[in-house]
Structures are given as structure tokens and as C-alpha cells.
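Visitor: Take a look at coords_34.pdb, PDB, C-alpha atoms:
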MODEL        1
ATOM      1  CA  MET M   1      -8.658 -44.019 -10.798
ATOM      2  CA  LYS M   2      -5.850 -45.020  -8.432
ATOM      3  CA  ARG M   3      -2.419 -43.654  -9.238
ATOM      4  CA  GLU M   4      -0.950 -47.110  -9.813
ATOM      5  CA  ASN M   5      -3.732 -47.916 -12.292
ATOM      6  CA  ILE M   6      -2.984 -44.725 -14.210
ATOM      7  CA  LEU M   7       0.637 -45.817 -14.575
ATOM      8  CA  VAL M   8      -0.371 -49.314 -15.676
ATOM      9  CA  GLU M   9      -2.774 -47.864 -18.273
ATOM     10  CA  ALA M  10       0.023 -45.671 -19.621
ATOM     11  CA  LEU M  11       2.545 -48.525 -19.964
ATOM     12  CA  PRO M  12       1.529 -49.860 -23.426
ATOM     13  CA  TYR M  13       1.374 -46.324 -24.814
ATOM     14  CA  ILE M  14       4.827 -45.492 -23.427
ATOM     15  CA  ARG M  15       6.216 -48.710 -24.880
ATOM     16  CA  ASN M  16       4.648 -47.926 -28.268
ATOM     17  CA  LEU M  17       6.034 -44.379 -28.364
ATOM     18  CA  HIS M  18       9.529 -45.094 -27.016
ATOM     19  CA  GLY M  19      12.128 -44.280 -29.664
ATOM     20  CA  SER M  20       9.627 -42.496 -31.897
ATOM     21  CA  LYS M  21       9.294 -38.855 -32.906
ATOM     22  CA  ILE M  22       6.445 -36.506 -32.046
ATOM     23  CA  VAL M  23       5.828 -32.975 -33.283
ATOM     24  CA  VAL M  24       3.935 -30.738 -30.860
ATOM     25  CA  LYS M  25       2.483 -27.501 -32.161
ATOM     26  CA  CYS M  26       1.681 -25.070 -29.376
ATOM     27  CA  GLY M  27      -0.731 -22.262 -30.244
ATOM     28  CA  GLY M  28      -0.328 -18.710 -29.090
ATOM     29  CA  HIS M  29      -3.332 -18.835 -26.748
ATOM     30  CA  ALA M  30      -1.654 -21.491 -24.602
ATOM     31  CA  ILE M  31       1.645 -19.607 -24.675
ATOM     32  CA  VAL M  32       0.246 -16.370 -23.225
ATOM     33  CA  ASN M  33      -1.196 -18.355 -20.301
ATOM     34  CA  GLU M  34       1.753 -18.874 -17.948
ATOM     35  CA  GLU M  35       0.293 -21.931 -16.189
ATOM     36  CA  SER M  36      -0.682 -23.629 -19.443
ATOM     37  CA  MET M  37       2.756 -23.030 -20.929
ATOM     38  CA  GLU M  38       4.494 -24.481 -17.891
ATOM     39  CA  ASN M  39       2.315 -27.617 -17.984
ATOM     40  CA  ILE M  40       3.021 -28.127 -21.682
ATOM     41  CA  ILE M  41       6.778 -27.713 -21.186
ATOM     42  CA  LYS M  42       6.763 -30.175 -18.274
ATOM     43  CA  ASP M  43       4.968 -32.722 -20.470
ATOM     44  CA  ILE M  44       7.446 -32.222 -23.325
ATOM     45  CA  VAL M  45      10.476 -32.627 -21.046
ATOM     46  CA  LEU M  46       8.930 -35.783 -19.551
ATOM     47  CA  LEU M  47       8.409 -37.209 -23.048
ATOM     48  CA  ARG M  48      12.085 -36.618 -23.845
ATOM     49  CA  TYR M  49      13.153 -38.410 -20.673
ATOM     50  CA  ILE M  50      11.091 -41.525 -21.535
ATOM     51  CA  GLY M  51      12.711 -41.791 -24.935
ATOM     52  CA  VAL M  52      10.402 -39.821 -27.228
ATOM     53  CA  GLU M  53      12.118 -37.330 -29.552
ATOM     54  CA  THR M  54       9.892 -34.283 -29.242
ATOM     55  CA  ILE M  55       9.949 -31.280 -31.554
ATOM     56  CA  LEU M  56       8.067 -28.152 -30.479
ATOM     57  CA  VAL M  57       6.682 -25.771 -33.118
ATOM     58  CA  HIS M  58       5.131 -22.639 -31.641
ATOM     59  CA  GLY M  59       2.844 -19.881 -32.764
ATOM     60  CA  GLY M  60       2.358 -16.532 -31.104
ATOM     61  CA  GLY M  61      -0.667 -14.940 -32.730
ATOM     62  CA  PRO M  62      -2.189 -13.248 -29.658
ATOM     63  CA  GLU M  63       1.188 -11.848 -28.582
ATOM     64  CA  ILE M  64       1.905 -10.581 -32.110
ATOM     65  CA  SER M  65      -1.506  -8.886 -32.215
ATOM     66  CA  ARG M  66      -0.928  -7.349 -28.774
ATOM     67  CA  VAL M  67       2.408  -5.839 -29.805
ATOM     68  CA  MET M  68       0.968  -4.639 -33.111
ATOM     69  CA  ASN M  69      -1.859  -2.859 -31.317
ATOM     70  CA  GLU M  70       0.642  -1.217 -28.966
ATOM     71  CA  LEU M  71       2.544   0.058 -32.016
ATOM     72  CA  GLY M  72      -0.629   1.319 -33.694
ATOM     73  CA  ILE M  73      -0.663  -1.396 -36.389
ATOM     74  CA  LYS M  74      -4.098  -2.924 -36.978
ATOM     75  CA  PRO M  75      -3.931  -6.749 -37.231
ATOM     76  CA  GLN M  76      -5.766  -8.318 -40.162
ATOM     77  CA  ILE M  77      -6.504 -12.066 -40.326
ATOM     78  CA  VAL M  78      -7.891 -13.828 -43.422
ATOM     79  CA  ASP M  79      -8.894 -17.519 -43.097
ATOM     80  CA  GLY M  80      -6.518 -17.958 -40.184
ATOM     81  CA  LEU M  81      -3.590 -16.274 -41.985
ATOM     82  CA  ARG M  82      -2.134 -12.941 -40.882
ATOM     83  CA  VAL M  83      -1.804 -10.259 -43.550
ATOM     84  CA  THR M  84       1.890  -9.366 -43.191
ATOM     85  CA  ASP M  85       3.334  -6.140 -44.535
ATOM     86  CA  GLU M  86       6.931  -5.072 -43.873
ATOM     87  CA  ARG M  87       6.216  -3.528 -40.454
ATOM     88  CA  THR M  88       4.177  -6.553 -39.401
ATOM     89  CA  MET M  89       7.002  -8.867 -40.465
ATOM     90  CA  GLU M  90       9.368  -6.999 -38.159
ATOM     91  CA  VAL M  91       6.962  -7.541 -35.266
ATOM     92  CA  VAL M  92       6.502 -11.229 -36.167
ATOM     93  CA  ARG M  93      10.282 -11.813 -36.110
ATOM     94  CA  MET M  94      10.707  -9.941 -32.851
ATOM     95  CA  VAL M  95       7.888 -11.756 -31.066
ATOM     96  CA  LEU M  96       8.365 -15.295 -32.380
ATOM     97  CA  ILE M  97      12.155 -15.580 -32.308
ATOM     98  CA  GLY M  98      13.126 -12.911 -29.796
ATOM     99  CA  ASN M  99      10.358 -13.303 -27.227
ATOM    100  CA  VAL M 100       8.354 -16.521 -27.471
ATOM    101  CA  GLY M 101      11.073 -18.857 -28.749
ATOM    102  CA  THR M 102      13.608 -17.645 -26.203
ATOM    103  CA  GLU M 103      11.108 -17.982 -23.346
ATOM    104  CA  LEU M 104      10.188 -21.552 -24.327
ATOM    105  CA  VAL M 105      13.847 -22.594 -24.504
ATOM    106  CA  SER M 106      14.382 -21.083 -21.067
ATOM    107  CA  LYS M 107      11.377 -22.923 -19.627
ATOM    108  CA  ILE M 108      12.602 -26.245 -21.009
ATOM    109  CA  GLY M 109      15.936 -25.653 -19.288
ATOM    110  CA  SER M 110      14.257 -24.828 -15.973
ATOM    111  CA  TYR M 111      12.655 -28.299 -15.923
ATOM    112  CA  GLY M 112      15.811 -30.211 -16.728
ATOM    113  CA  GLY M 113      15.556 -30.410 -20.495
ATOM    114  CA  LYS M 114      17.827 -28.994 -23.197
ATOM    115  CA  GLY M 115      16.016 -26.690 -25.585
ATOM    116  CA  ILE M 116      17.420 -25.004 -28.667
ATOM    117  CA  GLY M 117      15.709 -22.302 -30.711
ATOM    118  CA  LEU M 118      15.475 -22.668 -34.491
ATOM    119  CA  SER M 119      13.590 -21.107 -37.377
ATOM    120  CA  GLY M 120      13.336 -21.934 -41.060
ATOM    121  CA  LYS M 121      16.340 -19.698 -41.667
ATOM    122  CA  ASP M 122      18.669 -21.945 -39.618
ATOM    123  CA  GLY M 123      20.365 -24.389 -41.957
ATOM    124  CA  ARG M 124      17.538 -23.657 -44.430
ATOM    125  CA  LEU M 125      15.364 -25.896 -42.287
ATOM    126  CA  PHE M 126      12.363 -24.936 -44.359
ATOM    127  CA  THR M 127      12.123 -22.668 -47.376
ATOM    128  CA  ALA M 128       9.021 -20.980 -48.707
ATOM    129  CA  LYS M 129       7.652 -18.858 -51.503
ATOM    130  CA  LYS M 130       5.292 -15.915 -51.202
ATOM    131  CA  LYS M 131       1.640 -16.912 -51.220
ATOM    132  CA  GLY M 132      -0.535 -15.683 -54.034
ATOM    133  CA  LYS M 133      -3.480 -13.380 -53.499
ATOM    134  CA  LYS M 134      -6.287 -14.731 -51.324
ATOM    135  CA  LYS M 135      -9.873 -14.625 -52.537
ATOM    136  CA  VAL M 136     -12.352 -13.534 -49.873
ATOM    137  CA  VAL M 137     -16.018 -12.567 -49.889
ATOM    138  CA  VAL M 138     -16.811  -9.229 -48.235
ATOM    139  CA  GLU M 139     -20.492  -8.187 -48.147
ATOM    140  CA  ASP M 140     -21.294 -10.684 -50.938
ATOM    141  CA  VAL M 141     -18.506  -9.276 -53.123
ATOM    142  CA  GLU M 142     -15.473 -11.428 -53.942
ATOM    143  CA  LYS M 143     -12.153  -9.623 -53.527
ATOM    144  CA  GLU M 144      -8.509 -10.571 -53.822
ATOM    145  CA  ILE M 145      -6.243  -9.694 -50.902
ATOM    146  CA  ASP M 146      -2.451  -9.636 -51.041
ATOM    147  CA  LEU M 147      -1.271 -11.368 -47.849
ATOM    148  CA  GLY M 148       2.140  -9.681 -48.083
ATOM    149  CA  TYR M 149       5.117 -11.528 -46.577
ATOM    150  CA  VAL M 150       3.172 -14.735 -45.981
ATOM    151  CA  GLY M 151       4.783 -17.874 -47.302
ATOM    152  CA  GLU M 152       3.868 -21.388 -48.273
ATOM    153  CA  ILE M 153       6.469 -24.060 -47.689
ATOM    154  CA  GLU M 154       8.372 -25.351 -50.689
ATOM    155  CA  SER M 155      10.868 -27.675 -48.999
ATOM    156  CA  VAL M 156      11.935 -29.004 -45.604
ATOM    157  CA  ASP M 157      15.454 -30.203 -44.817
ATOM    158  CA  PRO M 158      15.278 -31.989 -41.431
ATOM    159  CA  GLU M 159      19.051 -32.393 -41.059
ATOM    160  CA  MET M 160      19.275 -29.664 -38.419
ATOM    161  CA  ILE M 161      16.483 -31.286 -36.389
ATOM    162  CA  ASP M 162      18.120 -34.709 -36.659
ATOM    163  CA  VAL M 163      21.489 -33.330 -35.515
ATOM    164  CA  VAL M 164      20.230 -31.519 -32.413
ATOM    165  CA  SER M 165      17.705 -34.224 -31.476
ATOM    166  CA  SER M 166      20.382 -36.903 -31.616
ATOM    167  CA  LYS M 167      22.300 -34.928 -28.972
ATOM    168  CA  GLY M 168      19.321 -34.844 -26.638
ATOM    169  CA  TYR M 169      18.085 -31.336 -27.465
ATOM    170  CA  ILE M 170      14.436 -30.387 -27.862
ATOM    171  CA  PRO M 171      14.132 -28.195 -30.980
ATOM    172  CA  VAL M 172      11.892 -25.143 -30.467
ATOM    173  CA  ILE M 173      10.917 -23.957 -33.926
ATOM    174  CA  SER M 174       9.611 -20.515 -34.881
ATOM    175  CA  PRO M 175       7.484 -20.525 -38.081
ATOM    176  CA  ILE M 176       9.586 -18.044 -40.058
ATOM    177  CA  ALA M 177      10.901 -19.285 -43.381
ATOM    178  CA  VAL M 178      13.347 -17.940 -45.922
ATOM    179  CA  ASP M 179      12.779 -17.643 -49.670
ATOM    180  CA  GLU M 180      15.278 -18.002 -52.524
ATOM    181  CA  GLU M 181      16.293 -14.343 -52.162
ATOM    182  CA  GLY M 182      16.899 -14.660 -48.426
ATOM    183  CA  ARG M 183      13.773 -12.736 -47.399
ATOM    184  CA  SER M 184      11.891 -13.705 -44.251
ATOM    185  CA  LEU M 185       8.353 -15.018 -44.727
ATOM    186  CA  ASN M 186       5.669 -15.567 -42.101
ATOM    187  CA  VAL M 187       4.362 -19.139 -42.383
ATOM    188  CA  ASN M 188       1.360 -20.512 -40.527
ATOM    189  CA  ALA M 189       2.687 -22.523 -37.553
ATOM    190  CA  ASP M 190       0.132 -25.308 -38.101
ATOM    191  CA  THR M 191       1.438 -25.764 -41.638
ATOM    192  CA  VAL M 192       5.052 -25.778 -40.457
ATOM    193  CA  ALA M 193       4.286 -28.419 -37.832
ATOM    194  CA  GLY M 194       2.584 -30.667 -40.370
ATOM    195  CA  GLU M 195       5.369 -30.416 -42.943
ATOM    196  CA  ILE M 196       8.065 -31.067 -40.334
ATOM    197  CA  ALA M 197       6.143 -34.078 -39.015
ATOM    198  CA  ILE M 198       6.104 -35.561 -42.520
ATOM    199  CA  SER M 199       9.765 -34.802 -43.205
ATOM    200  CA  ILE M 200      11.094 -36.450 -40.026
ATOM    201  CA  GLY M 201       8.771 -39.458 -40.174
ATOM    202  CA  ALA M 202       6.958 -38.512 -36.955
ATOM    203  CA  LYS M 203       4.640 -41.029 -35.384
ATOM    204  CA  LYS M 204       2.298 -38.334 -34.131
ATOM    205  CA  LEU M 205       1.456 -34.671 -34.679
ATOM    206  CA  MET M 206      -0.126 -32.910 -31.699
ATOM    207  CA  MET M 207      -1.967 -29.630 -32.366
ATOM    208  CA  MET M 208      -2.450 -27.758 -29.105
ATOM    209  CA  THR M 209      -4.963 -24.926 -29.270
ATOM    210  CA  ASN M 210      -7.480 -23.179 -26.992
ATOM    211  CA  VAL M 211     -10.500 -25.395 -27.746
ATOM    212  CA  ASP M 212     -11.142 -29.042 -26.883
ATOM    213  CA  GLY M 213     -11.021 -30.245 -30.484
ATOM    214  CA  VAL M 214     -13.268 -30.241 -33.541
ATOM    215  CA  MET M 215     -16.889 -29.750 -32.458
ATOM    216  CA  ARG M 216     -20.095 -29.647 -34.464
ATOM    217  CA  ASP M 217     -21.319 -26.885 -32.150
ATOM    218  CA  PRO M 218     -18.456 -24.800 -30.697
ATOM    219  CA  GLU M 219     -20.725 -23.819 -27.793
ATOM    220  CA  ASP M 220     -21.463 -27.436 -26.851
ATOM    221  CA  LYS M 221     -18.479 -29.532 -25.760
ATOM    222  CA  GLU M 222     -20.623 -32.674 -25.957
ATOM    223  CA  THR M 223     -20.547 -32.379 -29.763
ATOM    224  CA  ILE M 224     -16.796 -32.996 -30.003
ATOM    225  CA  PHE M 225     -15.591 -35.499 -32.595
ATOM    226  CA  SER M 226     -13.253 -37.889 -30.768
ATOM    227  CA  LYS M 227     -11.899 -39.246 -34.054
ATOM    228  CA  MET M 228     -12.367 -38.826 -37.782
ATOM    229  CA  THR M 229     -10.840 -39.731 -41.126
ATOM    230  CA  PRO M 230      -9.360 -37.187 -43.560
ATOM    231  CA  GLU M 231     -12.359 -37.748 -45.835
ATOM    232  CA  TYR M 232     -14.827 -36.911 -43.081
ATOM    233  CA  ALA M 233     -12.794 -33.839 -42.145
ATOM    234  CA  GLU M 234     -13.115 -32.580 -45.718
ATOM    235  CA  ASP M 235     -16.893 -33.131 -45.556
ATOM    236  CA  LEU M 236     -17.085 -31.070 -42.357
ATOM    237  CA  LYS M 237     -15.156 -28.252 -44.051
ATOM    238  CA  LYS M 238     -17.652 -28.216 -46.911
ATOM    239  CA  GLU M 239     -20.509 -28.098 -44.404
ATOM    240  CA  GLY M 240     -18.923 -25.111 -42.678
ATOM    241  CA  VAL M 241     -18.500 -27.003 -39.401
ATOM    242  CA  ILE M 242     -14.729 -26.567 -39.654
ATOM    243  CA  GLU M 243     -14.012 -22.878 -40.256
ATOM    244  CA  GLY M 244     -11.736 -19.945 -39.398
ATOM    245  CA  GLY M 245      -8.579 -20.747 -37.476
ATOM    246  CA  MET M 246      -9.483 -24.437 -37.278
ATOM    247  CA  ILE M 247      -9.079 -24.785 -41.063
ATOM    248  CA  PRO M 248      -5.235 -24.660 -41.187
ATOM    249  CA  LYS M 249      -5.053 -27.018 -38.180
ATOM    250  CA  VAL M 250      -7.269 -29.636 -39.791
ATOM    251  CA  ASP M 251      -5.627 -29.160 -43.196
ATOM    252  CA  SER M 252      -2.195 -29.758 -41.672
ATOM    253  CA  CYS M 253      -3.423 -32.845 -39.826
ATOM    254  CA  VAL M 254      -4.969 -34.262 -42.994
ATOM    255  CA  ARG M 255      -1.841 -33.607 -45.037
ATOM    256  CA  ALA M 256       0.340 -35.137 -42.305
ATOM    257  CA  VAL M 257      -1.740 -38.314 -42.196
ATOM    258  CA  GLU M 258      -1.685 -38.586 -45.988
ATOM    259  CA  GLY M 259       2.096 -37.977 -45.825
ATOM    260  CA  GLY M 260       2.725 -40.941 -43.546
ATOM    261  CA  VAL M 261       2.188 -39.631 -39.999
ATOM    262  CA  GLU M 262       0.346 -42.372 -38.114
ATOM    263  CA  LYS M 263      -2.067 -40.219 -36.105
ATOM    264  CA  THR M 264      -2.720 -36.524 -35.564
ATOM    265  CA  HIS M 265      -4.482 -34.923 -32.611
ATOM    266  CA  ILE M 266      -6.143 -31.561 -31.941
ATOM    267  CA  ILE M 267      -6.337 -30.884 -28.195
ATOM    268  CA  ASN M 268      -6.835 -28.057 -25.719
ATOM    269  CA  GLY M 269      -3.438 -26.849 -24.515
ATOM    270  CA  GLU M 270      -5.072 -24.847 -21.726
ATOM    271  CA  LYS M 271      -6.197 -28.028 -19.956
ATOM    272  CA  PRO M 272      -3.556 -29.251 -17.486
ATOM    273  CA  HIS M 273      -1.345 -31.979 -18.986
ATOM    274  CA  SER M 274      -3.701 -32.585 -21.921
ATOM    275  CA  LEU M 275      -0.708 -33.745 -23.957
ATOM    276  CA  LEU M 276      -0.016 -36.659 -21.613
ATOM    277  CA  LEU M 277      -3.717 -37.457 -21.233
ATOM    278  CA  GLU M 278      -4.180 -37.694 -24.994
ATOM    279  CA  LEU M 279      -1.050 -39.805 -25.498
ATOM    280  CA  PHE M 280      -1.182 -42.152 -22.521
ATOM    281  CA  THR M 281      -4.844 -42.816 -21.668
ATOM    282  CA  ASP M 282      -7.481 -44.977 -23.357
ATOM    283  CA  GLU M 283     -10.102 -42.222 -23.437
ATOM    284  CA  GLY M 284      -7.994 -39.296 -24.643
ATOM    285  CA  VAL M 285      -9.094 -35.668 -24.505
ATOM    286  CA  GLY M 286      -9.329 -34.275 -28.042
ATOM    287  CA  THR M 287      -9.978 -35.026 -31.707
ATOM    288  CA  MET M 288      -7.835 -37.616 -33.478
ATOM    289  CA  ILE M 289      -7.512 -37.605 -37.271
ATOM    290  CA  HIS M 290      -6.225 -40.859 -38.748
ATOM    291  CA  LYS M 291      -6.673 -43.033 -41.790
ATOM    292  CA  GLY M 292      -9.055 -45.384 -40.000
TER     293      GLY M 292
ENDMDL
END
Could you render the structure from this file as C-alpha cells?
Guide:
Amino acid sequence: MKRENILVEALPYIRNLHGSKIVVKCGGHAIVNEESMENIIKDIVLLRYIGVETILVHGGGPEISRVMNELGIKPQIVDGLRVTDERTMEVVRMVLIGNVGTELVSKIGSYGGKGIGLSGKDGRLFTAKKKGKKKVVVEDVEKEIDLGYVGEIESVDPEMIDVVSSKGYIPVISPIAVDEEGRSLNVNADTVAGEIAISIGAKKLMMMTNVDGVMRDPEDKETIFSKMTPEYAEDLKKEGVIEGGMIPKVDSCVRAVEGGVEKTHIINGEKPHSLLLELFTDEGVGTMIHKG
């Protein structure tokens, strides 16, 4: 396609999104890839310049696991959630706020944007309570596992986001919450992104991961679902098509749609400028979950 035709195709999408809010969740796999991260940041800064208030929520799972292994702490993941004891929580805080969040803010600045790092602890942006024990089946035996300092969101107060966004800043949010006693809790970044999208009345929620979207056969990219309803997503979970780390992503998308977000998208953040391609082209590049 000629360059001028690409711009013309994008025009109605730009017009539709101008003045709206978008939450972008960037997974840890894209973050550890320097080129992917730079492309994502460029896209986010561009969106801000064309009048789209963009909020970035980031994970950092691979980096957290890498640091844990270096410190001799064995990572343990259950249904996409990290079992978080006290030592693990220290690593999570260090990596998400001290390393990843700071680096993303710096990258935004290098491309002409204004980033600002936040977590749930800032202005009590989001509060959480400790998750209950998780039931898992190990060798046909059901067991209950205490996830430790893993939280589930109780409330979101978007005032801090509204204040900084109104001044032209791009909020960069680490998924660490605070409970009633002031303790830090590790919250799944997909969940945080979905709850924030609902609370600010976002038009779209973009889940950026390391796969092309929801596929019936993960080994065959031709089996990708380009769009689906929340009801169909639930059916695919029951069938076992949606499993592992894709579960919290799909769950957050479904909850966001049911909470008023117009459309949600799961796309591959490792593909160059997949964010812009999904938002501004007719064909798109991932899986869209919407009410239909």
C-alpha cells in the first residue's frame, strides 16, 4: 500500500480516537526486548501527540524471574500469578518500580513525551486485599496454595491519573498496590490495566504480549481469532483453548468490556508498531474482544 493511502486509511480511526483515553498494558516479554520496547514507546508518544490520552501499565515477569534466579530464589507461577513471599515482594518492588518503570519513563522522555512513574501506592491509586488460597491440581491431587503477597484490587481512585494526564503527562503504572495496613501487594498487571480502563472510562484497552492473540492452536498462527464476544471467550476457557498466562489477559478484557470499555485488544508487542497497526488499519493484527 502506498504511504499516502496508509495515512488516508488511518484518518477515520484517528478522528474517532481523538480526545479519548486508551490504556496500554505492556507485558514483560516486550519490555526485555530493547527494539520492541522502543517501538511501543514511540507509538505511545505519537498517540499522545494526536490527542489520545494514553496510560501505560507495565509488567516485568521475565525480568523479575531473572533477578530471582540470580539471587537463588526459585520463581513459582500458578495460573499466571506469581507466588510472592516476602523476599519475592522485595524483588518485585525493585524491578517494577526501580528498574522497569524508571526505564520506561526515560524512554518516553527521549522521544519527546512526558512520562511519570506511578504505582498503586501513589495517592492510593488502587488498593487491594490479599488473595485467598489458590486451588490447583498436582498429579491428579487438588491442593491449596497460599500465593503470599498477591493482591486482588478492591478499589481504584483515578484522580492521580486525571491530574497528570490533564497536564500532558503519560502515566507509567507499576502493578503494586497497597492494602488497608499499608503493605505492598503484587497485583497481576493485566488485572490492573483492566480495572484502570474501567475507572477512567477508557475507549480501548490494549494488551500487548508476546503472542499474536488468542489462537485455537498456539503453534498455528492461522488459527487466530480476530474478534470474539465475552461469551465466546468464556466458552474457549472451558474448552481449555484459553489457558495459562492468557487467562488473566482474557479475563481482564472481558471484565473491561462488561464495565463499559468499548473494545479490548490482545496483540503481539514484539511486532514492530503493532499498536498503531491494530488501532489505525482496517485489518488489524490481533484479537479484539467486544460486545458484538
Visitor: Please provide the set of residues having any atom within 9 Å of Glu9 in chain M, restricted to all atoms listed in the file, with same-chain residues fewer than 5 positions apart removed, written as a ChimeraX atom specification.
Guide: /M:4,280-282
Visitor: Create the file for the chosen residues now, containing C-alpha atoms and written as a PDB file, in the coordinates of the input.
Guide:
ATOM      1  CA  GLU M   4      -0.950 -47.110  -9.813  1.00  0.00           C
ATOM      2  CA  PHE M 280      -1.182 -42.152 -22.521  1.00  0.00           C
ATOM      3  CA  THR M 281      -4.844 -42.816 -21.668  1.00  0.00           C
ATOM      4  CA  ASP M 282      -7.481 -44.977 -23.357  1.00  0.00           C
TER       5      ASP M 282
END
Visitor: Have a look at CA of Lys114 in chain M and CA of Glu159 in chain M and let me know their distance in Å, one decimal.
Guide: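 If I compute the distance from CA of Lys114 in chain M to CA of Glu159 in chain M, I get 18.2 Å.
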Visitor: Take the PyMOL selection byres ((chain M and resi 100-107) around 8), apply it to the structure above, and return the hits as a PyMOL selection string.
Guide: chain M and resi 31+38+41+58+60+95-99+108-111+114-117+172-174
Visitor: Could you write out the selected residues, including C-alpha atoms, as a PDB file, keeping the file's coordinate frame?
Guide:
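Saved result, result-v5.pdb, follows:
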ATOM      1  CA  ILE M  31       1.645 -19.607 -24.675  1.00  0.00           C
ATOM      2  CA  GLU M  38       4.494 -24.481 -17.891  1.00  0.00           C
ATOM      3  CA  ILE M  41       6.778 -27.713 -21.186  1.00  0.00           C
ATOM      4  CA  HIS M  58       5.131 -22.639 -31.641  1.00  0.00           C
ATOM      5  CA  GLY M  60       2.358 -16.532 -31.104  1.00  0.00           C
ATOM      6  CA  VAL M  95       7.888 -11.756 -31.066  1.00  0.00           C
ATOM      7  CA  LEU M  96       8.365 -15.295 -32.380  1.00  0.00           C
ATOM      8  CA  ILE M  97      12.155 -15.580 -32.308  1.00  0.00           C
ATOM      9  CA  GLY M  98      13.126 -12.911 -29.796  1.00  0.00           C
ATOM     10  CA  ASN M  99      10.358 -13.303 -27.227  1.00  0.00           C
ATOM     11  CA  ILE M 108      12.602 -26.245 -21.009  1.00  0.00           C
ATOM     12  CA  GLY M 109      15.936 -25.653 -19.288  1.00  0.00           C
ATOM     13  CA  SER M 110      14.257 -24.828 -15.973  1.00  0.00           C
ATOM     14  CA  TYR M 111      12.655 -28.299 -15.923  1.00  0.00           C
ATOM     15  CA  LYS M 114      17.827 -28.994 -23.197  1.00  0.00           C
ATOM     16  CA  GLY M 115      16.016 -26.690 -25.585  1.00  0.00           C
ATOM     17  CA  ILE M 116      17.420 -25.004 -28.667  1.00  0.00           C
ATOM     18  CA  GLY M 117      15.709 -22.302 -30.711  1.00  0.00           C
ATOM     19  CA  VAL M 172      11.892 -25.143 -30.467  1.00  0.00           C
ATOM     20  CA  ILE M 173      10.917 -23.957 -33.926  1.00  0.00           C
ATOM     21  CA  SER M 174       9.611 -20.515 -34.881  1.00  0.00           C
TER      22      SER M 174
END
Visitor: Taking the file as I've supplied it (selection: the PyMOL selection byres ((chain M and resi 268-275) around 7)), which residues are included? Please answer as a PDB file with C-alpha atoms, in the frame of the given file.
Guide:
ATOM      1  CA  ALA M  30      -1.654 -21.491 -24.602  1.00  0.00           C
ATOM      2  CA  SER M  36      -0.682 -23.629 -19.443  1.00  0.00           C
ATOM      3  CA  ASN M  39       2.315 -27.617 -17.984  1.00  0.00           C
ATOM      4  CA  ILE M  40       3.021 -28.127 -21.682  1.00  0.00           C
ATOM      5  CA  ASP M  43       4.968 -32.722 -20.470  1.00  0.00           C
ATOM      6  CA  MET M 208      -2.450 -27.758 -29.105  1.00  0.00           C
ATOM      7  CA  THR M 209      -4.963 -24.926 -29.270  1.00  0.00           C
ATOM      8  CA  ASN M 210      -7.480 -23.179 -26.992  1.00  0.00           C
ATOM      9  CA  VAL M 211     -10.500 -25.395 -27.746  1.00  0.00           C
ATOM     10  CA  ASP M 212     -11.142 -29.042 -26.883  1.00  0.00           C
ATOM     11  CA  GLY M 213     -11.021 -30.245 -30.484  1.00  0.00           C
ATOM     12  CA  ILE M 267      -6.337 -30.884 -28.195  1.00  0.00           C
ATOM     13  CA  LEU M 276      -0.016 -36.659 -21.613  1.00  0.00           C
ATOM     14  CA  LEU M 277      -3.717 -37.457 -21.233  1.00  0.00           C
ATOM     15  CA  GLU M 278      -4.180 -37.694 -24.994  1.00  0.00           C
ATOM     16  CA  LEU M 279      -1.050 -39.805 -25.498  1.00  0.00           C
ATOM     17  CA  VAL M 285      -9.094 -35.668 -24.505  1.00  0.00           C
TER      18      VAL M 285
END
Visitor: To one decimal place, how far is CA of Tyr13 in chain M from CA of Lys25 in chain M in Å?
Guide: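 CA of Lys25 in chain M lies at a distance of 20.2 Å from CA of Tyr13 in chain M.
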